[in-house]
file my_file00.cif (mmCIF, C-alpha atoms and all ligand atoms)
data_model
loop_
_atom_site.group_PDB
_atom_site.id
_atom_site.type_symbol
_atom_site.label_atom_id
_atom_site.label_comp_id
_atom_site.auth_asym_id
_atom_site.auth_seq_id
_atom_site.Cartn_x
_atom_site.Cartn_y
_atom_site.Cartn_z
ATOM 1 C CA LEU N 192 -23.698 0.691 3.291
ATOM 2 C CA ARG N 193 -22.077 0.474 -0.134
ATOM 3 C CA VAL N 194 -19.208 2.646 1.093
ATOM 4 C CA ALA N 195 -18.700 0.339 4.071
ATOM 5 C CA VAL N 196 -18.397 -2.695 1.778
ATOM 6 C CA VAL N 197 -15.763 -1.050 -0.405
ATOM 7 C CA LYS N 198 -13.859 0.013 2.702
ATOM 8 C CA ASN N 199 -13.842 -3.569 3.983
ATOM 9 C CA ILE N 200 -12.433 -4.858 0.712
ATOM 10 C CA LEU N 201 -9.647 -2.289 0.771
ATOM 11 C CA ASP N 202 -8.919 -2.998 4.455
ATOM 12 C CA ALA N 203 -8.623 -6.707 3.682
ATOM 13 C CA ASN N 204 -6.338 -5.915 0.745
ATOM 14 C CA SER N 205 -4.080 -3.752 2.927
ATOM 15 C CA ARG N 206 -3.818 -6.509 5.523
ATOM 16 C CA ILE N 207 -2.747 -9.085 2.949
ATOM 17 C CA ALA N 208 -0.373 -6.564 1.353
ATOM 18 C CA GLN N 209 1.334 -6.082 4.734
ATOM 19 C CA GLU N 210 1.794 -9.839 5.024
ATOM 20 C CA ASN N 211 3.248 -9.978 1.499
ATOM 21 C CA ARG N 212 5.661 -7.158 2.368
ATOM 22 C CA LYS N 213 6.752 -8.920 5.565
ATOM 23 C CA LEU N 214 7.536 -12.045 3.564
ATOM 24 C CA PHE N 215 9.417 -10.057 0.900
ATOM 25 C CA ASP N 216 11.477 -8.343 3.631
ATOM 26 C CA LYS N 217 12.299 -11.676 5.223
ATOM 27 C CA LEU N 218 13.468 -12.997 1.841
ATOM 28 C CA GLY N 219 15.560 -9.874 1.167
ATOM 29 C CA LEU N 220 13.532 -9.348 -1.982
ATOM 30 C CA THR N 221 12.942 -5.859 -3.369
ATOM 31 C CA VAL N 222 9.553 -5.721 -5.070
ATOM 32 C CA ILE N 223 8.537 -3.225 -7.747
ATOM 33 C CA ASN N 224 4.974 -2.613 -8.969
ATOM 34 C CA LEU N 225 4.942 -1.415 -12.599
ATOM 35 C CA MET N 226 1.740 0.354 -13.599
ATOM 36 C CA SER N 227 0.649 1.974 -16.861
ATOM 37 C CA SER N 228 -2.036 2.003 -19.497
ATOM 38 C CA PRO N 229 -1.974 -0.894 -22.002
ATOM 39 C CA GLY N 230 0.944 -0.729 -24.407
ATOM 40 C CA ALA N 231 2.995 1.933 -22.625
ATOM 41 C CA GLY N 232 6.011 -0.368 -22.694
ATOM 42 C CA LYS N 233 6.142 -2.208 -19.351
ATOM 43 C CA THR N 234 7.111 -5.584 -20.788
ATOM 44 C CA THR N 235 9.699 -4.036 -23.093
ATOM 45 C CA LEU N 236 11.162 -2.236 -20.072
ATOM 46 C CA LEU N 237 11.313 -5.555 -18.195
ATOM 47 C CA GLU N 238 13.046 -7.269 -21.109
ATOM 48 C CA GLN N 239 15.661 -4.500 -21.048
ATOM 49 C CA MET N 240 16.020 -4.628 -17.249
ATOM 50 C CA GLY N 241 16.648 -8.352 -17.536
ATOM 51 C CA LYS N 242 19.356 -7.700 -20.083
ATOM 52 C CA HIS N 243 20.847 -4.888 -17.995
ATOM 53 C CA PHE N 244 21.053 -6.774 -14.697
ATOM 54 C CA GLY N 245 22.172 -9.945 -16.460
ATOM 55 C CA GLY N 246 24.631 -11.841 -14.274
ATOM 56 C CA GLN N 247 24.597 -9.145 -11.578
ATOM 57 C CA LEU N 248 21.181 -9.817 -10.028
ATOM 58 C CA LYS N 249 18.569 -12.519 -10.113
ATOM 59 C CA ILE N 250 15.283 -11.015 -11.269
ATOM 60 C CA GLY N 251 11.838 -12.521 -10.886
ATOM 61 C CA VAL N 252 8.677 -11.353 -12.625
ATOM 62 C CA ILE N 253 4.982 -11.675 -11.879
ATOM 63 C CA GLU N 254 2.912 -10.813 -14.936
ATOM 64 C CA GLY N 255 -0.642 -9.567 -14.497
ATOM 65 C CA ASP N 256 -2.954 -9.667 -17.490
ATOM 66 C CA ILE N 257 -6.667 -10.080 -18.000
ATOM 67 C CA GLN N 258 -5.916 -13.001 -20.302
ATOM 68 C CA THR N 259 -3.026 -14.889 -21.966
ATOM 69 C CA THR N 260 0.506 -15.811 -20.915
ATOM 70 C CA LEU N 261 2.061 -13.758 -23.729
ATOM 71 C CA ASP N 262 4.006 -11.387 -21.455
ATOM 72 C CA ALA N 263 5.325 -14.205 -19.247
ATOM 73 C CA GLU N 264 6.552 -15.908 -22.422
ATOM 74 C CA ARG N 265 8.237 -12.685 -23.580
ATOM 75 C CA VAL N 266 10.137 -12.095 -20.344
ATOM 76 C CA ALA N 267 11.001 -15.799 -20.055
ATOM 77 C CA ALA N 268 12.514 -15.561 -23.542
ATOM 78 C CA ALA N 269 14.544 -12.630 -22.193
ATOM 79 C CA GLY N 270 15.905 -14.930 -19.476
ATOM 80 C CA LEU N 271 13.687 -13.879 -16.557
ATOM 81 C CA GLU N 272 11.728 -16.267 -14.390
ATOM 82 C CA ALA N 273 8.069 -15.395 -14.695
ATOM 83 C CA VAL N 274 4.764 -16.333 -13.131
ATOM 84 C CA GLN N 275 1.604 -15.273 -14.987
ATOM 85 C CA ILE N 276 -1.578 -14.217 -13.231
ATOM 86 C CA GLU N 277 -4.667 -14.124 -15.426
ATOM 87 C CA THR N 278 -7.201 -11.891 -13.662
ATOM 88 C CA ASP N 279 -10.087 -13.136 -15.836
ATOM 89 C CA GLY N 280 -11.559 -9.688 -16.358
ATOM 90 C CA ALA N 281 -10.328 -7.779 -13.307
ATOM 91 C CA CYS N 282 -8.679 -4.483 -14.243
ATOM 92 C CA HIS N 283 -5.944 -4.631 -11.581
ATOM 93 C CA LEU N 284 -3.942 -7.038 -9.455
ATOM 94 C CA ASP N 285 -4.679 -7.258 -5.739
ATOM 95 C CA ALA N 286 -2.646 -8.407 -2.751
ATOM 96 C CA ASN N 287 -4.442 -11.726 -2.586
ATOM 97 C CA MET N 288 -3.498 -12.606 -6.186
ATOM 98 C CA ILE N 289 0.129 -11.828 -5.337
ATOM 99 C CA ALA N 290 -0.066 -13.946 -2.170
ATOM 100 C CA ALA N 291 -1.339 -16.856 -4.275
ATOM 101 C CA ALA N 292 1.373 -16.342 -6.901
ATOM 102 C CA ILE N 293 4.228 -16.325 -4.368
ATOM 103 C CA ASP N 294 2.834 -19.214 -2.343
ATOM 104 C CA GLY N 295 5.071 -22.177 -3.018
ATOM 105 C CA ALA N 296 7.383 -20.212 -5.332
ATOM 106 C CA ASP N 297 11.058 -20.262 -4.419
ATOM 107 C CA TYR N 298 12.393 -16.715 -4.216
ATOM 108 C CA ALA N 299 15.280 -17.588 -1.872
ATOM 109 C CA ASP N 300 17.980 -16.569 -4.349
ATOM 110 C CA VAL N 301 15.987 -13.904 -6.207
ATOM 111 C CA ASP N 302 17.100 -10.298 -5.557
ATOM 112 C CA MET N 303 14.436 -8.228 -7.268
ATOM 113 C CA LEU N 304 10.847 -9.040 -8.156
ATOM 114 C CA PHE N 305 8.994 -6.979 -10.744
ATOM 115 C CA ILE N 306 5.215 -7.102 -10.791
ATOM 116 C CA GLU N 307 3.784 -5.995 -14.136
ATOM 117 C CA ASN N 308 0.276 -4.857 -13.263
ATOM 118 C CA VAL N 309 -2.714 -5.049 -15.596
ATOM 119 C CA GLY N 310 -2.645 -2.215 -18.149
ATOM 120 C CA ASN N 311 -4.812 0.443 -16.524
ATOM 121 C CA LEU N 312 -4.091 3.942 -15.183
ATOM 122 C CA VAL N 313 -7.110 3.961 -12.847
ATOM 123 C CA CYS N 314 -7.913 0.658 -11.081
ATOM 124 C CA THR N 315 -4.330 -0.319 -10.326
ATOM 125 C CA ALA N 316 -3.672 2.802 -8.232
ATOM 126 C CA GLY N 317 -5.910 1.785 -5.324
ATOM 127 C CA TYR N 318 -4.373 -1.592 -4.514
ATOM 128 C CA ASP N 319 -1.263 -2.069 -2.390
ATOM 129 C CA LEU N 320 0.327 -5.373 -3.416
ATOM 130 C CA GLY N 321 3.006 -5.366 -0.718
ATOM 131 C CA GLU N 322 5.594 -3.817 -3.052
ATOM 132 C CA HIS N 323 8.419 -1.518 -1.913
ATOM 133 C CA VAL N 324 8.562 0.654 -5.021
ATOM 134 C CA ARG N 325 5.800 1.890 -7.314
ATOM 135 C CA ILE N 326 6.590 3.014 -10.817
ATOM 136 C CA VAL N 327 4.166 4.586 -13.258
ATOM 137 C CA VAL N 328 5.174 4.077 -16.899
ATOM 138 C CA LEU N 329 3.911 6.599 -19.443
ATOM 139 C CA SER N 330 4.681 6.569 -23.156
ATOM 140 C CA THR N 331 5.144 9.809 -25.062
ATOM 141 C CA SER N 332 2.281 8.980 -27.447
ATOM 142 C CA GLU N 333 -0.229 9.024 -24.552
ATOM 143 C CA GLY N 334 0.243 12.765 -24.100
ATOM 144 C CA ASP N 335 1.756 15.018 -21.460
ATOM 145 C CA ASP N 336 -1.564 15.800 -19.731
ATOM 146 C CA LYS N 337 -2.000 12.397 -18.081
ATOM 147 C CA ALA N 338 -0.633 13.285 -14.617
ATOM 148 C CA THR N 339 -3.341 15.912 -14.171
ATOM 149 C CA LYS N 340 -6.047 13.697 -15.673
ATOM 150 C CA TYR N 341 -5.160 10.557 -13.673
ATOM 151 C CA PRO N 342 -3.663 12.063 -10.496
ATOM 152 C CA ALA N 343 -4.034 9.094 -8.109
ATOM 153 C CA ILE N 344 -1.592 6.801 -9.871
ATOM 154 C CA PHE N 345 1.009 9.554 -10.281
ATOM 155 C CA GLN N 346 0.601 10.747 -6.697
ATOM 156 C CA GLY N 347 1.150 7.217 -5.397
ATOM 157 C CA SER N 348 4.287 6.498 -7.438
ATOM 158 C CA ASP N 349 7.949 6.733 -6.424
ATOM 159 C CA ALA N 350 9.022 7.236 -10.012
ATOM 160 C CA MET N 351 7.688 7.956 -13.479
ATOM 161 C CA VAL N 352 9.374 6.293 -16.426
ATOM 162 C CA ILE N 353 8.632 8.075 -19.693
ATOM 163 C CA THR N 354 8.949 5.559 -22.522
ATOM 164 C CA LYS N 355 9.166 5.787 -26.325
ATOM 165 C CA THR N 356 11.238 8.972 -26.276
ATOM 166 C CA ASP N 357 12.413 7.943 -29.761
ATOM 167 C CA LEU N 358 8.933 8.948 -30.997
ATOM 168 C CA LYS N 359 9.202 12.496 -29.633
ATOM 169 C CA PRO N 360 10.097 14.066 -32.996
ATOM 170 C CA HIS N 361 6.666 12.950 -34.269
ATOM 171 C CA LEU N 362 4.680 14.139 -31.232
ATOM 172 C CA ASN N 363 4.156 17.273 -29.192
ATOM 173 C CA PHE N 364 5.025 15.659 -25.859
ATOM 174 C CA ASN N 365 6.386 18.194 -23.360
ATOM 175 C CA THR N 366 8.514 16.445 -20.710
ATOM 176 C CA ASP N 367 8.783 19.628 -18.608
ATOM 177 C CA ARG N 368 5.018 19.934 -18.436
ATOM 178 C CA ILE N 369 4.335 16.415 -17.208
ATOM 179 C CA THR N 370 7.304 16.535 -14.826
ATOM 180 C CA ALA N 371 5.948 19.748 -13.262
ATOM 181 C CA ASP N 372 2.473 18.175 -12.973
ATOM 182 C CA LEU N 373 3.946 15.056 -11.372
ATOM 183 C CA LYS N 374 6.045 17.054 -8.879
ATOM 184 C CA ARG N 375 2.968 18.991 -7.802
ATOM 185 C CA LEU N 376 1.348 15.666 -6.915
ATOM 186 C CA GLN N 377 4.466 13.888 -5.645
ATOM 187 C CA PRO N 378 7.469 16.196 -5.048
ATOM 188 C CA ASP N 379 9.848 13.274 -4.308
ATOM 189 C CA ALA N 380 9.118 11.273 -7.447
ATOM 190 C CA ALA N 381 12.063 10.459 -9.693
ATOM 191 C CA VAL N 382 11.735 10.858 -13.465
ATOM 192 C CA PHE N 383 13.432 8.726 -16.115
ATOM 193 C CA GLU N 384 13.253 8.859 -19.886
ATOM 194 C CA VAL N 385 13.815 5.724 -21.924
ATOM 195 C CA ALA N 386 13.725 4.532 -25.485
ATOM 196 C CA ALA N 387 13.494 0.916 -24.414
ATOM 197 C CA LEU N 388 13.572 -0.675 -27.866
ATOM 198 C CA GLN N 389 16.930 1.027 -28.398
ATOM 199 C CA GLY N 390 18.062 0.294 -24.818
ATOM 200 C CA GLN N 391 18.476 4.005 -24.130
ATOM 201 C CA GLY N 392 18.092 5.384 -20.599
ATOM 202 C CA ILE N 393 17.751 1.943 -18.998
ATOM 203 C CA SER N 394 20.876 2.176 -16.839
ATOM 204 C CA ASP N 395 19.775 5.376 -15.029
ATOM 205 C CA ALA N 396 16.501 3.767 -13.997
ATOM 206 C CA ALA N 397 18.291 0.521 -13.084
ATOM 207 C CA ASP N 398 20.838 2.380 -10.903
ATOM 208 C CA TRP N 399 18.018 4.168 -9.095
ATOM 209 C CA LEU N 400 16.331 0.812 -8.453
ATOM 210 C CA LEU N 401 19.566 -0.644 -7.097
ATOM 211 C CA ALA N 402 19.845 2.262 -4.651
ATOM 212 C CA LYS N 403 16.274 1.555 -3.548
ATOM 213 C CA ARG N 404 17.315 -1.841 -2.233
ATOM 214 C CA PRO N 405 17.247 -1.484 1.534
ATOM 215 C CA HIS N 406 16.714 -5.214 1.875
ATOM 216 C CA ARG N 407 20.081 -6.461 0.698
ATOM 217 C CA LYS N 408 20.915 -9.957 1.842
HETATM 218 N N1 LIG Y 501 9.073 3.208 -30.533
HETATM 219 C C1 LIG Y 501 9.067 2.549 -29.378
HETATM 220 N N2 LIG Y 501 8.208 1.538 -29.198
HETATM 221 C C2 LIG Y 501 8.218 0.901 -28.001
HETATM 222 C C3 LIG Y 501 9.095 1.256 -26.946
HETATM 223 N N3 LIG Y 501 8.838 0.459 -25.885
HETATM 224 C C4 LIG Y 501 7.850 -0.368 -26.276
HETATM 225 N N4 LIG Y 501 7.487 -0.122 -27.550
HETATM 226 C C5 LIG Y 501 6.444 -0.826 -28.319
HETATM 227 O O1 LIG Y 501 5.170 -0.567 -27.754
HETATM 228 C C6 LIG Y 501 4.330 -1.714 -27.846
HETATM 229 C C7 LIG Y 501 3.825 -2.097 -26.463
HETATM 230 O O2 LIG Y 501 4.917 -2.461 -25.643
HETATM 231 P P1 LIG Y 501 4.782 -3.436 -24.414
HETATM 232 O O3 LIG Y 501 6.127 -3.519 -23.754
HETATM 233 O O4 LIG Y 501 4.141 -4.702 -24.813
HETATM 234 O O5 LIG Y 501 3.770 -2.597 -23.479
HETATM 235 P P2 LIG Y 501 2.940 -3.044 -22.182
HETATM 236 O O6 LIG Y 501 1.570 -3.371 -22.635
HETATM 237 O O7 LIG Y 501 2.959 -1.839 -21.273
HETATM 238 O O8 LIG Y 501 3.671 -4.200 -21.567
HETATM 239 C C8 LIG Y 501 5.186 -2.809 -28.477
HETATM 240 O O9 LIG Y 501 4.898 -2.854 -29.857
HETATM 241 C C9 LIG Y 501 6.613 -2.333 -28.237
HETATM 242 O O10 LIG Y 501 7.523 -2.796 -29.195
HETATM 243 C C10 LIG Y 501 10.019 2.328 -27.187
HETATM 244 O O11 LIG Y 501 10.816 2.721 -26.337
HETATM 245 N N5 LIG Y 501 9.951 2.934 -28.403
HETATM 246 MG MG MG Y 502 2.941 -6.077 -20.990
#

call {"tool": "encode", "arguments": {"input": "my_file00.cif", "output": "structure tokens"}}
result
Amino acid sequence: LRVAVVKNILDANSRIAQENRKLFDKLGLTVINLMSSPGAGKTTLLEQMGKHFGGQLKIGVIEGDIQTTLDAERVAAAGLEAVQIETDGACHLDANMIAAAIDGADYADVDMLFIENVGNLVCTAGYDLGEHVRIVVLSTSEGDDKATKYPAIFQGSDAMVITKTDLKPHLNFNTDRITADLKRLQPDAAVFEVAALQGQGISDAADWLLAKRPHRK
């Protein structure tokens, strides 16, 4: 009985996610779900993406956090339009929260919408939000064993962005190891390495995202 309940919740989520995706397609909006553990560098990556795309593209952001509007304030200061969802304890965003956030918002002239999920490598993996692209962000200080320890999120991602590569001299992070582990789970996944505070490696990831835009207006 318990299993049936969980299945119903996930079915309902998938249905709403499909509706979100239909709306995004109609708007010509490419939507990216950024997932990671807390502090891996998602917001810093967004700040840099905003800087990179500058006048070229209009970027929107939905920020998911358990509490506070701190991240929305950060990306707004970086020139990106942001909506903050406070999940009030929930460890992930779901399709319904996204539906509520986009309801009434004007995305007509927005090209790309980033959703920064709640910091969590486990809960976030199970919920389709209606996005087109899923990216798992992993910082070097978290260790190179995380793809094997948290396989679902890596298996479900189109790309892995390794952040904080500037810290590598102080750590024993092996990029080859985690890349091999990722490819075993998801052979098609792209891999990017960034030192976001220094702005390094941003353009490769940004170019890949641009090529992922099948929904050009
Ligand atoms: N050394 C270093 N620190 C970083 C980098 N990216 C983010 N940080 C720092 O890591 C902390 C968490 O970053 P944040 O973007 O807030 O992570 P989030 O919780 O995933 O959104 C902040 O203190 C950032 O300044 C990086 O590339 N190198
Ligand atoms: Mg953040």

call {"tool": "resolve_selection", "arguments": {"input": "my_file00.cif", "expression": "the PyMOL selection byres (((chain N and resi 328) around 7) and not hetatm)", "output": "PyMOL selection string"}}
result
chain N and resi 225-227+231+233+326-327+329-330+351-354

call {"tool": "write_last_selection", "arguments": {"input": "my_file00.cif", "atoms": "C-alpha atoms", "output": "CSV table (one decimal), in the coordinates of the input"}}
result
chain,number,residue,atom,x,y,z
N,225,LEU,CA,4.9,-1.4,-12.6
N,226,MET,CA,1.7,0.4,-13.6
N,227,SER,CA,0.6,2.0,-16.9
N,231,ALA,CA,3.0,1.9,-22.6
N,233,LYS,CA,6.1,-2.2,-19.4
N,326,ILE,CA,6.6,3.0,-10.8
N,327,VAL,CA,4.2,4.6,-13.3
N,329,LEU,CA,3.9,6.6,-19.4
N,330,SER,CA,4.7,6.6,-23.2
N,351,MET,CA,7.7,8.0,-13.5
N,352,VAL,CA,9.4,6.3,-16.4
N,353,ILE,CA,8.6,8.1,-19.7
N,354,THR,CA,8.9,5.6,-22.5

call {"tool": "resolve_selection", "arguments": {"input": "my_file00.cif", "expression": "the PyMOL selection byres (((chain N and resi 269-286) around 6) and not hetatm)", "output": "list in words"}}
result
Asn204, Ile207, Ala208, Glu238, Gly251, Val252, Ile253, Glu254, Gly255, Asp256, Ile257, Gln258, Ala263, Val266, Ala267, Ala268, Asn287, Met288, Ile289, Val309, Cys314, Thr315, Tyr318 and Leu320 of chain N

call {"tool": "resolve_selection", "arguments": {"input": "my_file00.cif", "expression": "the PyMOL selection byres (((not hetatm)) within 8 of (chain Y and resi 501))", "output": "PDB file with C-alpha atoms, in the frame of the given file"}}
result
ATOM      1  CA  SER N 227       0.649   1.974 -16.861  1.00  0.00           C
ATOM      2  CA  SER N 228      -2.036   2.003 -19.497  1.00  0.00           C
ATOM      3  CA  PRO N 229      -1.974  -0.894 -22.002  1.00  0.00           C
ATOM      4  CA  GLY N 230       0.944  -0.729 -24.407  1.00  0.00           C
ATOM      5  CA  ALA N 231       2.995   1.933 -22.625  1.00  0.00           C
ATOM      6  CA  GLY N 232       6.011  -0.368 -22.694  1.00  0.00           C
ATOM      7  CA  LYS N 233       6.142  -2.208 -19.351  1.00  0.00           C
ATOM      8  CA  THR N 234       7.111  -5.584 -20.788  1.00  0.00           C
ATOM      9  CA  THR N 235       9.699  -4.036 -23.093  1.00  0.00           C
ATOM     10  CA  LEU N 236      11.162  -2.236 -20.072  1.00  0.00           C
ATOM     11  CA  LEU N 237      11.313  -5.555 -18.195  1.00  0.00           C
ATOM     12  CA  ASP N 262       4.006 -11.387 -21.455  1.00  0.00           C
ATOM     13  CA  GLU N 307       3.784  -5.995 -14.136  1.00  0.00           C
ATOM     14  CA  GLY N 310      -2.645  -2.215 -18.149  1.00  0.00           C
ATOM     15  CA  VAL N 328       5.174   4.077 -16.899  1.00  0.00           C
ATOM     16  CA  SER N 330       4.681   6.569 -23.156  1.00  0.00           C
ATOM     17  CA  THR N 354       8.949   5.559 -22.522  1.00  0.00           C
ATOM     18  CA  LYS N 355       9.166   5.787 -26.325  1.00  0.00           C
ATOM     19  CA  THR N 356      11.238   8.972 -26.276  1.00  0.00           C
ATOM     20  CA  ASP N 357      12.413   7.943 -29.761  1.00  0.00           C
ATOM     21  CA  LEU N 358       8.933   8.948 -30.997  1.00  0.00           C
ATOM     22  CA  VAL N 385      13.815   5.724 -21.924  1.00  0.00           C
ATOM     23  CA  ALA N 386      13.725   4.532 -25.485  1.00  0.00           C
ATOM     24  CA  ALA N 387      13.494   0.916 -24.414  1.00  0.00           C
ATOM     25  CA  LEU N 388      13.572  -0.675 -27.866  1.00  0.00           C
ATOM     26  CA  GLN N 389      16.930   1.027 -28.398  1.00  0.00           C
ATOM     27  CA  GLY N 390      18.062   0.294 -24.818  1.00  0.00           C
TER      28      GLY N 390
END

call {"tool": "atom_distance", "arguments": {"input": "my_file00.cif", "atom1": "atom CA of N:Ala290", "atom2": "atom CA of N:Lys213"}}
result
11.5 Å

call {"tool": "axis_aligned_box", "arguments": {"input": "my_file00.cif", "around": "stretch 327-337 of chain N", "padding_each_side": "3 Å", "output": "lines of an AutoDock Vina configuration file"}}
result
center_x = 1.6
center_y = 9.9
center_z = -20.4
size_x = 13.2
size_y = 17.7
size_z = 20.2

call {"tool": "atom_distance", "arguments": {"input": "my_file00.cif", "atom1": "atom CA of N:Ala381", "atom2": "atom CA of N:Thr221"}}
result
17.5 Å

call {"tool": "closest_residue", "arguments": {"input": "my_file00.cif", "among": "N:Ile306, N:Ala203, N:Leu214, N:Ile293", "to": "ligand MG 502 (chain Y)", "atoms": "all atoms listed in the file"}}
result
N:Ile306

call {"tool": "closest_residue", "arguments": {"input": "my_file00.cif", "among": "N:Asp216, N:Asp300, N:Asp202, N:Glu264", "to": "ligand MG 502 (chain Y)", "atoms": "all atoms listed in the file"}}
result
N:Glu264

call {"tool": "residues_around", "arguments": {"input": "my_file00.cif", "residues": "N:Lys249", "least_positions_apart": "5", "cutoff": "10 Å", "atoms": "only C-alpha atoms", "output": "list in words"}}
result
Gly241, Phe244, Leu271, Glu272, Tyr298, Asp300, Val301, Asp302, Met303 and Leu304 of chain N

call {"tool": "atom_distance", "arguments": {"input": "my_file00.cif", "atom1": "atom CA of N:Ala350", "atom2": "atom CA of N:Val324"}}
result
8.3 Å

call {"tool": "closest_residue", "arguments": {"input": "my_file00.cif", "among": "N:Val382, N:Phe345, N:Gln391, N:Thr259", "to": "ligand MG 502 (chain Y)", "atoms": "all atoms listed in the file"}}
result
N:Thr259

call {"tool": "closest_residue", "arguments": {"input": "my_file00.cif", "among": "N:Ile223, N:Glu322, N:Ala299, N:His243", "to": "N:Ser205", "atoms": "only C-alpha atoms"}}
result
N:Glu322

call {"tool": "closest_residue", "arguments": {"input": "my_file00.cif", "among": "N:Gln239, N:Asn211, N:Asn199, N:Asn308", "to": "ligand MG 502 (chain Y)", "atoms": "only C-alpha atoms and all ligand atoms"}}
result
N:Asn308

call {"tool": "residues_around", "arguments": {"input": "my_file00.cif", "residues": "N:Ala338", "least_positions_apart": "6", "cutoff": "10 Å", "atoms": "all atoms listed in the file", "output": "list in words"}}
result
Leu312, Leu329, Ile344, Phe345, Gln346, Met351, Arg368, Ile369, Thr370, Ala371, Asp372, Leu373, Lys374, Arg375 and Leu376 of chain N
